[in-house]
>>> print(open('query.cif').read())   # mmCIF, N, CA and C atoms and all ligand atoms
data_input
#
loop_
_atom_site.label_atom_id
_atom_site.label_comp_id
_atom_site.auth_asym_id
_atom_site.auth_seq_id
_atom_site.Cartn_x
_atom_site.Cartn_y
_atom_site.Cartn_z
N MET A 1 0.83 -1.19 0.00
CA MET A 1 0.00 0.00 0.00
C MET A 1 0.87 1.25 0.00
N LYS A 2 0.25 2.38 -0.33
CA LYS A 2 0.97 3.65 -0.37
C LYS A 2 0.83 4.39 0.95
N TYR A 3 1.94 4.90 1.43
CA TYR A 3 1.96 5.69 2.67
C TYR A 3 2.44 7.09 2.36
N LYS A 4 1.88 8.07 3.05
CA LYS A 4 2.39 9.43 3.00
C LYS A 4 3.16 9.69 4.29
N GLY A 5 4.22 10.49 4.15
CA GLY A 5 5.00 10.82 5.33
C GLY A 5 5.55 12.23 5.22
N SER A 6 6.02 12.77 6.34
CA SER A 6 6.54 14.13 6.34
C SER A 6 7.40 14.36 7.58
N CYS A 7 8.15 15.48 7.54
CA CYS A 7 8.87 15.91 8.74
C CYS A 7 7.87 16.65 9.63
N HIS A 8 8.32 17.25 10.73
CA HIS A 8 7.37 17.88 11.64
C HIS A 8 6.75 19.15 11.07
N CYS A 9 7.57 19.99 10.43
CA CYS A 9 7.05 21.27 9.93
C CYS A 9 6.32 21.11 8.60
N GLY A 10 6.50 19.95 7.93
CA GLY A 10 5.77 19.68 6.70
C GLY A 10 6.45 20.16 5.43
N LYS A 11 7.66 20.73 5.55
CA LYS A 11 8.37 21.16 4.33
C LYS A 11 8.76 19.95 3.48
N ILE A 12 9.12 18.85 4.17
CA ILE A 12 9.50 17.62 3.47
C ILE A 12 8.30 16.66 3.47
N GLN A 13 7.86 16.29 2.27
CA GLN A 13 6.71 15.37 2.12
C GLN A 13 7.15 14.25 1.20
N PHE A 14 6.79 13.03 1.54
CA PHE A 14 7.17 11.90 0.70
C PHE A 14 6.09 10.83 0.70
N GLU A 15 6.29 9.86 -0.19
CA GLU A 15 5.34 8.78 -0.38
C GLU A 15 6.17 7.50 -0.46
N VAL A 16 5.72 6.43 0.17
CA VAL A 16 6.40 5.14 0.01
C VAL A 16 5.39 4.04 -0.22
N GLU A 17 5.87 3.02 -0.92
CA GLU A 17 5.09 1.80 -1.16
C GLU A 17 5.64 0.75 -0.20
N ALA A 18 4.80 0.23 0.69
CA ALA A 18 5.25 -0.75 1.69
C ALA A 18 4.08 -1.65 2.06
N PRO A 19 4.36 -2.81 2.66
CA PRO A 19 3.28 -3.72 3.05
C PRO A 19 2.33 -3.08 4.08
N GLU A 20 1.11 -3.64 4.18
CA GLU A 20 0.12 -3.17 5.17
C GLU A 20 0.60 -3.44 6.58
N ASN A 21 1.24 -4.61 6.73
CA ASN A 21 1.78 -5.01 8.02
C ASN A 21 3.29 -4.83 7.95
N ILE A 22 3.78 -3.91 8.74
CA ILE A 22 5.18 -3.50 8.62
C ILE A 22 6.05 -4.18 9.65
N GLU A 23 7.23 -4.61 9.19
CA GLU A 23 8.26 -5.12 10.10
C GLU A 23 9.30 -4.04 10.27
N ALA A 24 9.49 -3.59 11.50
CA ALA A 24 10.39 -2.47 11.78
C ALA A 24 11.57 -2.93 12.61
N GLU A 25 12.64 -2.14 12.52
CA GLU A 25 13.79 -2.38 13.40
C GLU A 25 13.95 -1.19 14.33
N SER A 26 14.14 -1.50 15.59
CA SER A 26 14.49 -0.50 16.57
C SER A 26 15.97 -0.71 16.88
N CYS A 27 16.79 0.31 16.64
CA CYS A 27 18.24 0.18 16.72
C CYS A 27 18.79 0.93 17.93
N ASN A 28 19.77 0.32 18.59
CA ASN A 28 20.32 0.91 19.81
C ASN A 28 21.64 1.66 19.59
N CYS A 29 21.97 1.95 18.32
CA CYS A 29 23.26 2.63 18.07
C CYS A 29 23.20 4.08 18.54
N SER A 30 24.35 4.75 18.50
CA SER A 30 24.46 6.08 19.09
C SER A 30 23.49 7.08 18.46
N VAL A 31 23.34 7.04 17.14
CA VAL A 31 22.51 8.05 16.49
C VAL A 31 21.03 7.69 16.53
N CYS A 32 20.69 6.41 16.35
CA CYS A 32 19.27 6.02 16.33
C CYS A 32 18.64 6.13 17.71
N SER A 33 19.38 5.79 18.74
CA SER A 33 18.77 5.85 20.07
C SER A 33 18.51 7.31 20.46
N LYS A 34 19.39 8.22 20.06
CA LYS A 34 19.16 9.63 20.40
C LYS A 34 18.07 10.27 19.56
N SER A 35 17.92 9.82 18.30
CA SER A 35 16.91 10.46 17.44
C SER A 35 15.57 9.72 17.45
N GLY A 36 15.51 8.55 18.08
CA GLY A 36 14.25 7.81 18.16
C GLY A 36 13.75 7.34 16.81
N PHE A 37 14.68 6.86 15.99
CA PHE A 37 14.35 6.45 14.63
C PHE A 37 13.83 5.01 14.63
N LEU A 38 12.66 4.78 14.04
CA LEU A 38 12.10 3.42 13.91
C LEU A 38 12.18 3.05 12.43
N HIS A 39 12.99 2.03 12.12
CA HIS A 39 13.43 1.77 10.74
C HIS A 39 12.49 0.91 9.91
N LEU A 40 12.31 1.35 8.68
CA LEU A 40 11.67 0.54 7.64
C LEU A 40 12.54 0.70 6.40
N ILE A 41 13.35 -0.33 6.10
CA ILE A 41 14.28 -0.24 4.96
C ILE A 41 13.59 -0.78 3.71
N LEU A 42 13.61 0.02 2.65
CA LEU A 42 12.92 -0.31 1.41
C LEU A 42 13.83 -0.07 0.21
N PRO A 43 13.49 -0.71 -0.94
CA PRO A 43 14.19 -0.37 -2.18
C PRO A 43 13.93 1.10 -2.51
N LEU A 44 14.93 1.75 -3.07
CA LEU A 44 14.80 3.17 -3.40
C LEU A 44 13.62 3.43 -4.35
N ALA A 45 13.31 2.44 -5.20
CA ALA A 45 12.21 2.58 -6.16
C ALA A 45 10.85 2.72 -5.46
N ASN A 46 10.76 2.29 -4.19
CA ASN A 46 9.50 2.40 -3.44
C ASN A 46 9.29 3.77 -2.82
N PHE A 47 10.29 4.65 -2.99
CA PHE A 47 10.28 5.95 -2.33
C PHE A 47 10.14 7.07 -3.35
N LYS A 48 9.30 8.05 -3.03
CA LYS A 48 9.19 9.23 -3.89
C LYS A 48 9.13 10.48 -3.02
N LEU A 49 10.09 11.38 -3.24
CA LEU A 49 10.07 12.66 -2.53
C LEU A 49 9.07 13.56 -3.25
N LEU A 50 8.07 14.06 -2.54
CA LEU A 50 7.04 14.89 -3.17
C LEU A 50 7.44 16.36 -3.14
N THR A 51 7.86 16.84 -1.98
CA THR A 51 8.33 18.23 -1.89
C THR A 51 9.43 18.33 -0.85
N GLY A 52 10.26 19.37 -0.96
CA GLY A 52 11.18 19.72 0.11
C GLY A 52 12.63 19.42 -0.10
N SER A 53 13.05 19.07 -1.34
CA SER A 53 14.47 18.74 -1.54
C SER A 53 15.38 19.88 -1.08
N GLU A 54 14.91 21.12 -1.20
CA GLU A 54 15.74 22.28 -0.81
C GLU A 54 15.87 22.42 0.71
N TRP A 55 15.04 21.70 1.46
CA TRP A 55 15.07 21.79 2.93
C TRP A 55 15.84 20.65 3.58
N ILE A 56 16.37 19.75 2.75
CA ILE A 56 17.07 18.58 3.29
C ILE A 56 18.56 18.89 3.46
N THR A 57 19.10 18.59 4.62
CA THR A 57 20.53 18.70 4.84
C THR A 57 21.04 17.36 5.37
N THR A 58 22.35 17.15 5.32
CA THR A 58 22.90 15.82 5.59
C THR A 58 23.95 15.85 6.69
N TYR A 59 23.82 14.90 7.59
CA TYR A 59 24.82 14.69 8.64
C TYR A 59 25.44 13.32 8.43
N SER A 60 26.75 13.22 8.57
CA SER A 60 27.38 11.89 8.52
C SER A 60 28.50 11.85 9.55
N PHE A 61 28.88 10.64 9.95
CA PHE A 61 29.95 10.48 10.96
C PHE A 61 30.57 9.10 10.76
N ASN A 62 31.62 8.84 11.50
CA ASN A 62 32.30 7.53 11.50
C ASN A 62 32.70 7.12 10.07
N THR A 63 32.04 6.13 9.46
CA THR A 63 32.43 5.69 8.12
C THR A 63 31.87 6.62 7.03
N HIS A 64 30.93 7.48 7.38
CA HIS A 64 30.27 8.42 6.45
C HIS A 64 29.52 7.72 5.32
N LEU A 65 29.21 6.43 5.50
CA LEU A 65 28.46 5.71 4.47
C LEU A 65 26.97 5.99 4.61
N ALA A 66 26.50 6.04 5.83
CA ALA A 66 25.10 6.42 6.05
C ALA A 66 24.99 7.93 5.86
N LYS A 67 23.92 8.35 5.18
CA LYS A 67 23.67 9.78 4.99
C LYS A 67 22.42 10.13 5.80
N HIS A 68 22.66 10.76 6.94
CA HIS A 68 21.56 11.09 7.85
C HIS A 68 20.93 12.41 7.40
N THR A 69 19.93 12.30 6.56
CA THR A 69 19.27 13.48 6.00
C THR A 69 18.17 13.95 6.95
N PHE A 70 18.10 15.25 7.16
CA PHE A 70 17.07 15.79 8.06
C PHE A 70 16.63 17.17 7.60
N CYS A 71 15.53 17.62 8.17
CA CYS A 71 14.94 18.90 7.78
C CYS A 71 15.69 20.06 8.42
N LYS A 72 16.08 21.03 7.62
CA LYS A 72 16.80 22.21 8.09
C LYS A 72 15.96 23.07 9.01
N VAL A 73 14.64 22.98 8.87
CA VAL A 73 13.77 23.85 9.64
C VAL A 73 13.40 23.23 10.98
N CYS A 74 12.88 22.00 10.98
CA CYS A 74 12.38 21.42 12.23
C CYS A 74 13.32 20.38 12.82
N GLY A 75 14.35 19.97 12.08
CA GLY A 75 15.34 19.04 12.63
C GLY A 75 14.93 17.58 12.61
N VAL A 76 13.72 17.28 12.12
CA VAL A 76 13.25 15.90 12.12
C VAL A 76 13.87 15.14 10.94
N LYS A 77 14.14 13.85 11.18
CA LYS A 77 14.79 12.98 10.19
C LYS A 77 13.78 11.94 9.71
N PRO A 78 13.02 12.24 8.66
CA PRO A 78 11.96 11.32 8.24
C PRO A 78 12.46 10.11 7.44
N PHE A 79 13.66 10.23 6.84
CA PHE A 79 14.24 9.11 6.08
C PHE A 79 15.71 9.40 5.92
N TYR A 80 16.49 8.38 5.59
CA TYR A 80 17.92 8.57 5.33
C TYR A 80 18.45 7.41 4.53
N THR A 81 19.70 7.52 4.11
CA THR A 81 20.35 6.45 3.38
C THR A 81 21.16 5.62 4.37
N PRO A 82 20.76 4.34 4.60
CA PRO A 82 21.41 3.56 5.65
C PRO A 82 22.73 2.91 5.19
N ARG A 83 23.62 2.75 6.14
CA ARG A 83 24.91 2.10 5.86
C ARG A 83 24.69 0.64 5.45
N SER A 84 23.67 -0.01 6.03
CA SER A 84 23.44 -1.43 5.74
C SER A 84 22.95 -1.66 4.31
N ASN A 85 22.23 -0.68 3.77
CA ASN A 85 21.66 -0.79 2.41
C ASN A 85 21.80 0.56 1.70
N PRO A 86 23.06 0.92 1.34
CA PRO A 86 23.28 2.27 0.79
C PRO A 86 22.58 2.54 -0.54
N ASP A 87 22.10 1.48 -1.21
CA ASP A 87 21.35 1.68 -2.46
C ASP A 87 19.85 1.75 -2.18
N GLY A 88 19.46 1.68 -0.92
CA GLY A 88 18.05 1.73 -0.56
C GLY A 88 17.72 2.99 0.23
N ILE A 89 16.58 2.95 0.91
CA ILE A 89 16.14 4.09 1.71
C ILE A 89 15.59 3.55 3.03
N ASP A 90 15.83 4.28 4.09
CA ASP A 90 15.36 3.85 5.41
C ASP A 90 14.37 4.90 5.90
N ILE A 91 13.13 4.48 6.10
CA ILE A 91 12.05 5.38 6.47
C ILE A 91 11.85 5.34 7.98
N ASN A 92 11.62 6.50 8.57
CA ASN A 92 11.28 6.55 9.99
C ASN A 92 9.77 6.36 10.13
N ILE A 93 9.36 5.21 10.63
CA ILE A 93 7.93 4.88 10.74
C ILE A 93 7.20 5.92 11.58
N ASN A 94 7.91 6.56 12.51
CA ASN A 94 7.31 7.62 13.32
C ASN A 94 6.93 8.85 12.49
N CYS A 95 7.43 8.94 11.26
CA CYS A 95 7.14 10.09 10.39
C CYS A 95 6.11 9.77 9.32
N LEU A 96 5.50 8.57 9.40
CA LEU A 96 4.44 8.24 8.44
C LEU A 96 3.13 8.88 8.91
N ASP A 97 2.45 9.56 8.00
CA ASP A 97 1.15 10.16 8.32
C ASP A 97 0.02 9.16 8.07
N THR A 98 0.26 8.22 7.15
CA THR A 98 -0.66 7.10 6.93
C THR A 98 -0.24 6.03 7.92
N LYS A 99 -1.18 5.53 8.71
CA LYS A 99 -0.80 4.55 9.72
C LYS A 99 -0.88 3.14 9.17
N PRO A 100 0.14 2.31 9.42
CA PRO A 100 0.11 0.92 8.98
C PRO A 100 -0.94 0.14 9.77
N LYS A 101 -1.39 -0.99 9.19
CA LYS A 101 -2.34 -1.86 9.86
C LYS A 101 -1.72 -2.41 11.14
N SER A 102 -0.47 -2.84 11.02
CA SER A 102 0.25 -3.31 12.20
C SER A 102 1.74 -3.07 12.04
N ILE A 103 2.43 -2.95 13.16
CA ILE A 103 3.88 -2.78 13.15
C ILE A 103 4.47 -3.81 14.10
N THR A 104 5.35 -4.66 13.57
CA THR A 104 6.09 -5.60 14.42
C THR A 104 7.48 -5.02 14.59
N VAL A 105 7.89 -4.80 15.82
CA VAL A 105 9.19 -4.18 16.05
C VAL A 105 10.21 -5.24 16.47
N ASN A 106 11.26 -5.36 15.66
CA ASN A 106 12.39 -6.23 16.00
C ASN A 106 13.51 -5.34 16.52
N THR A 107 14.28 -5.84 17.44
CA THR A 107 15.41 -5.03 17.92
C THR A 107 16.63 -5.34 17.06
N PHE A 108 17.40 -4.30 16.80
CA PHE A 108 18.64 -4.45 16.04
C PHE A 108 19.78 -3.91 16.90
N ASP A 109 20.79 -4.73 17.10
CA ASP A 109 21.92 -4.34 17.96
C ASP A 109 22.95 -3.56 17.15
N GLY A 110 22.64 -2.29 16.94
CA GLY A 110 23.52 -1.42 16.17
C GLY A 110 24.77 -0.98 16.92
N GLN A 111 24.80 -1.23 18.22
CA GLN A 111 26.04 -0.96 18.98
C GLN A 111 27.14 -1.93 18.57
N ASN A 112 26.71 -3.09 18.02
CA ASN A 112 27.65 -4.08 17.48
C ASN A 112 27.33 -4.27 16.00
N TRP A 113 27.36 -3.17 15.27
CA TRP A 113 26.90 -3.11 13.89
C TRP A 113 27.58 -4.15 13.01
N GLU A 114 28.91 -4.25 13.08
CA GLU A 114 29.67 -5.15 12.19
C GLU A 114 29.19 -6.61 12.31
N GLN A 115 28.85 -7.03 13.54
CA GLN A 115 28.42 -8.42 13.76
C GLN A 115 26.97 -8.65 13.33
N ASN A 116 26.19 -7.59 13.17
CA ASN A 116 24.76 -7.75 12.94
C ASN A 116 24.24 -7.24 11.60
N ALA A 117 25.08 -6.51 10.87
CA ALA A 117 24.63 -5.86 9.64
C ALA A 117 24.06 -6.85 8.62
N HIS A 118 24.58 -8.08 8.61
CA HIS A 118 24.11 -9.08 7.63
C HIS A 118 22.61 -9.35 7.79
N LYS A 119 22.07 -9.14 8.99
CA LYS A 119 20.64 -9.38 9.22
C LYS A 119 19.76 -8.40 8.43
N LEU A 120 20.36 -7.28 8.04
CA LEU A 120 19.59 -6.27 7.30
C LEU A 120 19.89 -6.29 5.81
N ALA A 121 20.83 -7.16 5.40
CA ALA A 121 21.26 -7.16 4.00
C ALA A 121 20.08 -7.48 3.08
N ASN A 122 20.12 -6.93 1.90
CA ASN A 122 19.12 -7.18 0.85
C ASN A 122 17.74 -6.60 1.11
N LYS A 123 17.57 -5.82 2.14
CA LYS A 123 16.27 -5.18 2.35
C LYS A 123 15.98 -4.13 1.27
N SER A 124 17.05 -3.66 0.61
CA SER A 124 16.86 -2.66 -0.43
C SER A 124 16.57 -3.31 -1.78
N LYS A 125 16.59 -4.66 -1.83
CA LYS A 125 16.32 -5.36 -3.11
C LYS A 125 14.83 -5.63 -3.23
N GLN A 126 14.33 -5.58 -4.44
CA GLN A 126 12.90 -5.79 -4.68
C GLN A 126 12.49 -7.23 -4.35
ZN ZN B 201 10.69 20.08 8.78
#
>>> encode(input="query.cif", output="structure tokens")
Amino acid sequence: MKYKGSCHCGKIQFEVEAPENIEAESCNCSVCSKSGFLHLILPLANFKLLTGSEWITTYSFNTHLAKHTFCKVCGVKPFYTPRSNPDGIDININCLDTKPKSITVNTFDGQNWEQNAHKLANKSKQ
């Protein structure tokens, strides 16, 4: 089904195609735990930015492979490019305006990323 999502101030609006029943990852790494990001990793083809490209800015750290994109105005991070699937997109389920039928939350041990990253591999593939 199609979901609409946005940042807090609404400058950034997007649409994603995802299942009705969503499987999410809750990650305990330094950046996800502080930003409260609830992950839904999808193929990039399932994502469409509707408005707000001019309001997006990028933060990166450590390996700089993940691109932590967020809104310049409200600071909310509705989606980003994840290190585990750099050819895909990672949506913050907390930023979806369309509510999924159900959300199953799995924990992901991002504090030990190297040992666990394989569990997320291929999520960006159709
Ligand atoms: Zn915003």
>>> residues_around(input="query.cif", residues="A:Ser26", least_positions_apart="3", cutoff="7 Å", atoms="only N, CA and C atoms", output="CSV table (one decimal) with N, CA and C atoms, in the coordinates of the input")
chain,number,residue,atom,x,y,z
A,29,CYS,N,22.0,2.0,18.3
A,29,CYS,CA,23.3,2.6,18.1
A,29,CYS,C,23.2,4.1,18.5
A,37,PHE,N,14.7,6.9,16.0
A,37,PHE,CA,14.4,6.4,14.6
A,37,PHE,C,13.8,5.0,14.6
A,38,LEU,N,12.7,4.8,14.0
A,38,LEU,CA,12.1,3.4,13.9
A,38,LEU,C,12.2,3.0,12.4
A,39,HIS,N,13.0,2.0,12.1
A,39,HIS,CA,13.4,1.8,10.7
A,39,HIS,C,12.5,0.9,9.9
A,105,VAL,N,7.9,-4.8,15.8
A,105,VAL,CA,9.2,-4.2,16.0
A,105,VAL,C,10.2,-5.2,16.5
A,106,ASN,N,11.3,-5.4,15.7
A,106,ASN,CA,12.4,-6.2,16.0
A,106,ASN,C,13.5,-5.3,16.5
A,107,THR,N,14.3,-5.8,17.4
A,107,THR,CA,15.4,-5.0,17.9
A,107,THR,C,16.6,-5.3,17.1
A,108,PHE,N,17.4,-4.3,16.8
A,108,PHE,CA,18.6,-4.4,16.0
A,108,PHE,C,19.8,-3.9,16.9
A,109,ASP,N,20.8,-4.7,17.1
A,109,ASP,CA,21.9,-4.3,18.0
A,109,ASP,C,23.0,-3.6,17.2
A,110,GLY,N,22.6,-2.3,16.9
A,110,GLY,CA,23.5,-1.4,16.2
A,110,GLY,C,24.8,-1.0,16.9
>>> select_by_dssp(input="query.cif", residues="chain A", states="helix (DSSP H, G or I)", output="MDAnalysis selection string")
chainID A and resid 30:35 44:46 53:55 93:95 110:120
>>> residues_near_ligand(input="query.cif", ligand="ligand ZN 201 (chain B)", cutoff="6 Å", atoms="all atoms listed in the file", output="PyMOL selection string")
chain A and resi 7-12+71-76
>>> closest_residue(input="query.cif", among="A:Ile56, A:Leu50, A:Ile91, A:Ala121", to="A:Gln13", atoms="all atoms listed in the file")
A:Leu50
>>> atom_distance(input="query.cif", atom1="atom C of A:Ser124", atom2="atom N of A:Trp55")
25.3 Å
>>> residues_around(input="query.cif", residues="A:Asp97", least_positions_apart="2", cutoff="6.5 Å", atoms="only N, CA and C atoms", output="ChimeraX atom specification")
/A:3-6,94-95,99
